[in-house]
Amino acid sequence: MPVPEEPPQRPVASFQTIRPFGRTNSLADGGLGRTHDLHGRFCSKPFDNFEINPDGSVAVCCHAWVPQKIGNIAEQGLWEVWNSDIAQRIRASILDGSYRYCVAEECGAIQAGTLPKCAEVQDPRHRTYIDQQLTKLDEPPFLFNLGYDESCNLSCPSCRQGTVLHTQGPEYEKRARVQRTLVDTLLTEPHDHPMRLNITFSGDPLGSKLFRELLVNLDGRKFPRLEVTLQTNGVLFTREAWARLEKLHGNFRGIAVSVDAATPETYAYIRRGGNWNKLLENLRFMCELLAESRLRWVTLEYVVQHRNYRELPSAVEMARAFGASAVTLSLITDWGTHSPEEFAEHAIWKTSHPEFEQFLEVLRHPLLSDPLVRIGNLAPYREQALGNRTA
């Protein structure tokens with residue numbers, strides 16, 4: 001079956017060009033995020049996750065939450081990376097409760113208080129790690145979070161300064177080598193090892209030539225315990241695109257759609273290059289798949305910022321109307337795509353922001369108590385808004 005049609009060719013920028021300022025702002029700077037006593041709590045990410053970046057470097061969590069890399073799959077074998085010294089030290093920091101490698105103020109699970117108590121963990125594999133205090137793991141990663149290609153059909157200001165499409169040349173070949181290593185190691189010979197591919201945290205799975213080829217060519221029947229999840233802006237997820245992925249239909253678990261708006265005007269600014277009407281059409285289709293149990297979940301994701309915070313109640317109503325599984329919220333992070341002055345305008349979470357009190361007022365809206373809402377690192381802000389927390 002042919003690869004889905006590529007989006008129009010546009011100028012390619014390097015990540016150094018599109019993220020020129022460096023990441024200097026965090027939720028620890030001028031926000032309400034706080035550290036917590038995490039002794040006796042368990043985070044599974046360092047025991048499950050293998051997140052691959054464009055240069056082949058590997059992390060066990062979002063690098064805003066755990067900046068330390070554990071190795072490089074372009075230079076080392078999978079097992080060497082997975083059980084590297086730093087990987088084991090990060091796991092030890094979970095087991096001893098120090099979480100010393102984590103940026104607690106950024107982490108949605110820490111801020112929302114959703115990390116389980118160690119004593120309550122029931123997953124047999126995780127139970128073994130906790131009970132035996134294991135940091136060197138005999139089992140391969142469960143979640144492969146693929147972010148080695150930043151290619152995308154959009155150029156959202158919170159993510160990049162220009163369009164990125166790698167379709168040929170040295171930068172494309174560098175990313176293609178990483179993909180070939182992954183496929184040769186894990187996705188060539190049939191196996192029944194439980195694993196999940198999440199595509200992608202760096203761009204769009206259908207806006208990337210590499211990821212489209214992976215999704216179209218991968219035969220899920222050879223890997224009966226493989227699960228596939230997509231992180232997408234949704235614009236290219238048409239009925240035709242879904243049909244081209246037929247060899248993976250039995251492996252799909254869910255789709256997280258970056259929406260970031262509840263009106264076409266806000267969408268046009270935040271999701272630069274998107275198509276609001278096409279997004280809505282595709283969301284209806286995704287939720288049809290959900291209703292037919294061909295997907296287990298469809299979540300709508302919102303990066304909360306100055307341009308869209310007033311629309312949060314409408315976002316919940318929108319998710320209800322479509323029949324989505326959840327609305328996932330997270331505060332805008334500085335990825336170096338804005339100057340410090342621009343980011344200060346967007347960072348509605350800063351207590352110094354001139355509309356901070358209006359932000360808290362929106363967070364008092366009863367719709368944000370809907371079970372659909374995953375509050376993430378907005379939790380301390382909503383607590384303050386409701387008067388359940390001291391400043």
# chains A, B, ... in the order shown; residues from 1 in each chain; ligands from 1

$ residues_around --residues "region 200-205 of chain A" --least-positions-apart "3" --cutoff "7 Å" --atoms "only C-alpha atoms" --output "VMD selection string"
chain A and resid 145 to 147 149 to 152 208 211 to 212 230 to 233

$ closest_residue --among "A:Trp79, A:Phe359, A:Trp65, A:Tyr269" --to "Gly108 (chain A)" --atoms "only C-alpha atoms"
A:Trp65

$ select_by_dssp --residues "region 178-262 of chain A" --states "strand (DSSP E)" --output "ChimeraX atom specification"
/A:195-199,226-232,252-258

$ write_last_selection --atoms "N, CA and C atoms" --output "mmCIF file, in the first residue's frame"
data_model
loop_
_atom_site.group_PDB
_atom_site.id
_atom_site.type_symbol
_atom_site.label_atom_id
_atom_site.label_comp_id
_atom_site.auth_asym_id
_atom_site.auth_seq_id
_atom_site.Cartn_x
_atom_site.Cartn_y
_atom_site.Cartn_z
ATOM 1 N N MET A 195 4.767 -4.253 24.103
ATOM 2 C CA MET A 195 5.428 -2.974 23.860
ATOM 3 C C MET A 195 4.443 -2.010 23.233
ATOM 4 N N ARG A 196 4.740 -0.753 23.416
ATOM 5 C CA ARG A 196 3.892 0.293 22.852
ATOM 6 C C ARG A 196 4.767 1.286 22.109
ATOM 7 N N LEU A 197 4.328 1.671 20.923
ATOM 8 C CA LEU A 197 4.957 2.758 20.165
ATOM 9 C C LEU A 197 4.070 3.983 20.286
ATOM 10 N N ASN A 198 4.635 5.080 20.788
ATOM 11 C CA ASN A 198 3.922 6.359 20.772
ATOM 12 C C ASN A 198 4.598 7.265 19.760
ATOM 13 N N ILE A 199 3.824 7.742 18.791
ATOM 14 C CA ILE A 199 4.354 8.562 17.704
ATOM 15 C C ILE A 199 3.461 9.797 17.558
ATOM 16 N N LEU A 226 1.789 -5.733 20.468
ATOM 17 C CA LEU A 226 2.186 -4.357 20.175
ATOM 18 C C LEU A 226 0.977 -3.438 20.231
ATOM 19 N N GLU A 227 1.139 -2.307 20.908
ATOM 20 C CA GLU A 227 0.127 -1.249 20.921
ATOM 21 C C GLU A 227 0.711 -0.009 20.257
ATOM 22 N N VAL A 228 -0.127 0.723 19.571
ATOM 23 C CA VAL A 228 0.292 1.960 18.901
ATOM 24 C C VAL A 228 -0.596 3.098 19.375
ATOM 25 N N THR A 229 0.038 4.194 19.789
ATOM 26 C CA THR A 229 -0.689 5.421 20.109
ATOM 27 C C THR A 229 -0.092 6.558 19.297
ATOM 28 N N LEU A 230 -0.926 7.511 18.952
ATOM 29 C CA LEU A 230 -0.484 8.654 18.162
ATOM 30 C C LEU A 230 -0.684 9.943 18.946
ATOM 31 N N GLN A 231 0.290 10.831 18.838
ATOM 32 C CA GLN A 231 0.138 12.226 19.243
ATOM 33 C C GLN A 231 0.157 13.047 17.966
ATOM 34 N N THR A 232 -0.935 13.728 17.679
ATOM 35 C CA THR A 232 -1.093 14.355 16.371
ATOM 36 C C THR A 232 -1.848 15.670 16.497
ATOM 37 N N PHE A 252 -3.979 -0.461 17.297
ATOM 38 C CA PHE A 252 -4.148 0.906 17.784
ATOM 39 C C PHE A 252 -4.811 0.927 19.149
ATOM 40 N N ARG A 253 -4.276 1.759 20.025
ATOM 41 C CA ARG A 253 -4.827 1.939 21.366
ATOM 42 C C ARG A 253 -5.561 3.271 21.480
ATOM 43 N N GLY A 254 -4.910 4.368 21.082
ATOM 44 C CA GLY A 254 -5.569 5.656 21.218
ATOM 45 C C GLY A 254 -4.849 6.764 20.494
ATOM 46 N N ILE A 255 -5.496 7.934 20.488
ATOM 47 C CA ILE A 255 -4.978 9.109 19.792
ATOM 48 C C ILE A 255 -5.131 10.323 20.692
ATOM 49 N N ALA A 256 -4.036 11.040 20.868
ATOM 50 C CA ALA A 256 -4.054 12.308 21.583
ATOM 51 C C ALA A 256 -3.938 13.428 20.556
ATOM 52 N N VAL A 257 -4.914 14.325 20.546
ATOM 53 C CA VAL A 257 -4.992 15.368 19.521
ATOM 54 C C VAL A 257 -4.694 16.728 20.151
ATOM 55 N N SER A 258 -3.677 17.387 19.659
ATOM 56 C CA SER A 258 -3.345 18.732 20.130
ATOM 57 C C SER A 258 -4.308 19.726 19.492
#

$ atom_distance --atom1 "CA of Cys118 (chain A)" --atom2 "CA of His36 (chain A)"
15.5 Å

$ residues_around --residues "region 377-386 of chain A" --least-positions-apart "6" --cutoff "8 Å" --atoms "only C-alpha atoms" --output "number ranges by chain"
A: 32-33, 105-112, 329-331, 349, 360-361, 363-364

$ residues_around --residues "Asp138 (chain A)" --least-positions-apart "5" --cutoff "12 Å" --atoms "only C-alpha atoms" --output "ChimeraX atom specification"
/A:47-48,79-80,82-83,125,128-129

$ residues_around --residues "Ala262 (chain A)" --least-positions-apart "5" --cutoff "7 Å" --atoms "only C-alpha atoms" --output "list in words"
Glu311, Ser314 and Ala315 of chain A

$ write_last_selection --atoms "N, CA and C atoms" --output "PDB file, in the first residue's frame"
ATOM      1  N   GLU A 311     -10.876  29.952  27.155  1.00  0.00           N
ATOM      2  CA  GLU A 311     -11.675  28.959  26.424  1.00  0.00           C
ATOM      3  C   GLU A 311     -11.677  27.584  27.086  1.00  0.00           C
ATOM      4  N   SER A 314     -15.093  25.997  27.456  1.00  0.00           N
ATOM      5  CA  SER A 314     -15.595  25.601  26.134  1.00  0.00           C
ATOM      6  C   SER A 314     -14.875  24.365  25.611  1.00  0.00           C
ATOM      7  N   ALA A 315     -13.609  24.210  25.988  1.00  0.00           N
ATOM      8  CA  ALA A 315     -12.862  23.023  25.576  1.00  0.00           C
ATOM      9  C   ALA A 315     -13.491  21.764  26.160  1.00  0.00           C
TER      10      ALA A 315
END

$ closest_atom_pairs --of "region 288-371 of chain A" --to "region 159-171 of chain A" --cutoff "10 Å" --atoms "only C-alpha atoms" --output "tab-separated table"
residue	atom	partner	partner_atom	distance
A:Ile332	CA	A:Cys159	CA	9.9
A:Thr333	CA	A:Cys159	CA	9.2
A:Asp334	CA	A:Cys159	CA	8.7
A:Trp335	CA	A:Cys159	CA	6.6
A:Gly336	CA	A:Arg160	CA	8.3
A:Thr337	CA	A:Arg160	CA	5.5
A:His338	CA	A:Gln161	CA	8.3

$ write_last_selection --atoms "C-alpha atoms" --output "PDB file, in the first residue's frame"
ATOM      1  CA  ILE A 332       2.844  26.407  28.303  1.00  0.00           C
ATOM      2  CA  THR A 333       6.562  25.682  28.605  1.00  0.00           C
ATOM      3  CA  ASP A 334       9.447  27.703  27.231  1.00  0.00           C
ATOM      4  CA  TRP A 335      11.090  25.658  24.482  1.00  0.00           C
ATOM      5  CA  GLY A 336      13.138  28.623  23.324  1.00  0.00           C
ATOM      6  CA  THR A 337      10.763  29.599  20.518  1.00  0.00           C
ATOM      7  CA  HIS A 338       9.928  32.985  22.055  1.00  0.00           C
TER       8      HIS A 338
END

$ closest_residue --among "A:Pro54, A:Gly234, A:Pro194, A:Pro264" --to "Val298 (chain A)" --atoms "only C-alpha atoms"
A:Gly234

$ atom_distance --atom1 "CA of Lys247 (chain A)" --atom2 "CA of Asp55 (chain A)"
29.0 Å

$ select_by_dssp --residues "region 193-269 of chain A" --states "helix (DSSP H, G or I)" --output "count of residues only"
27
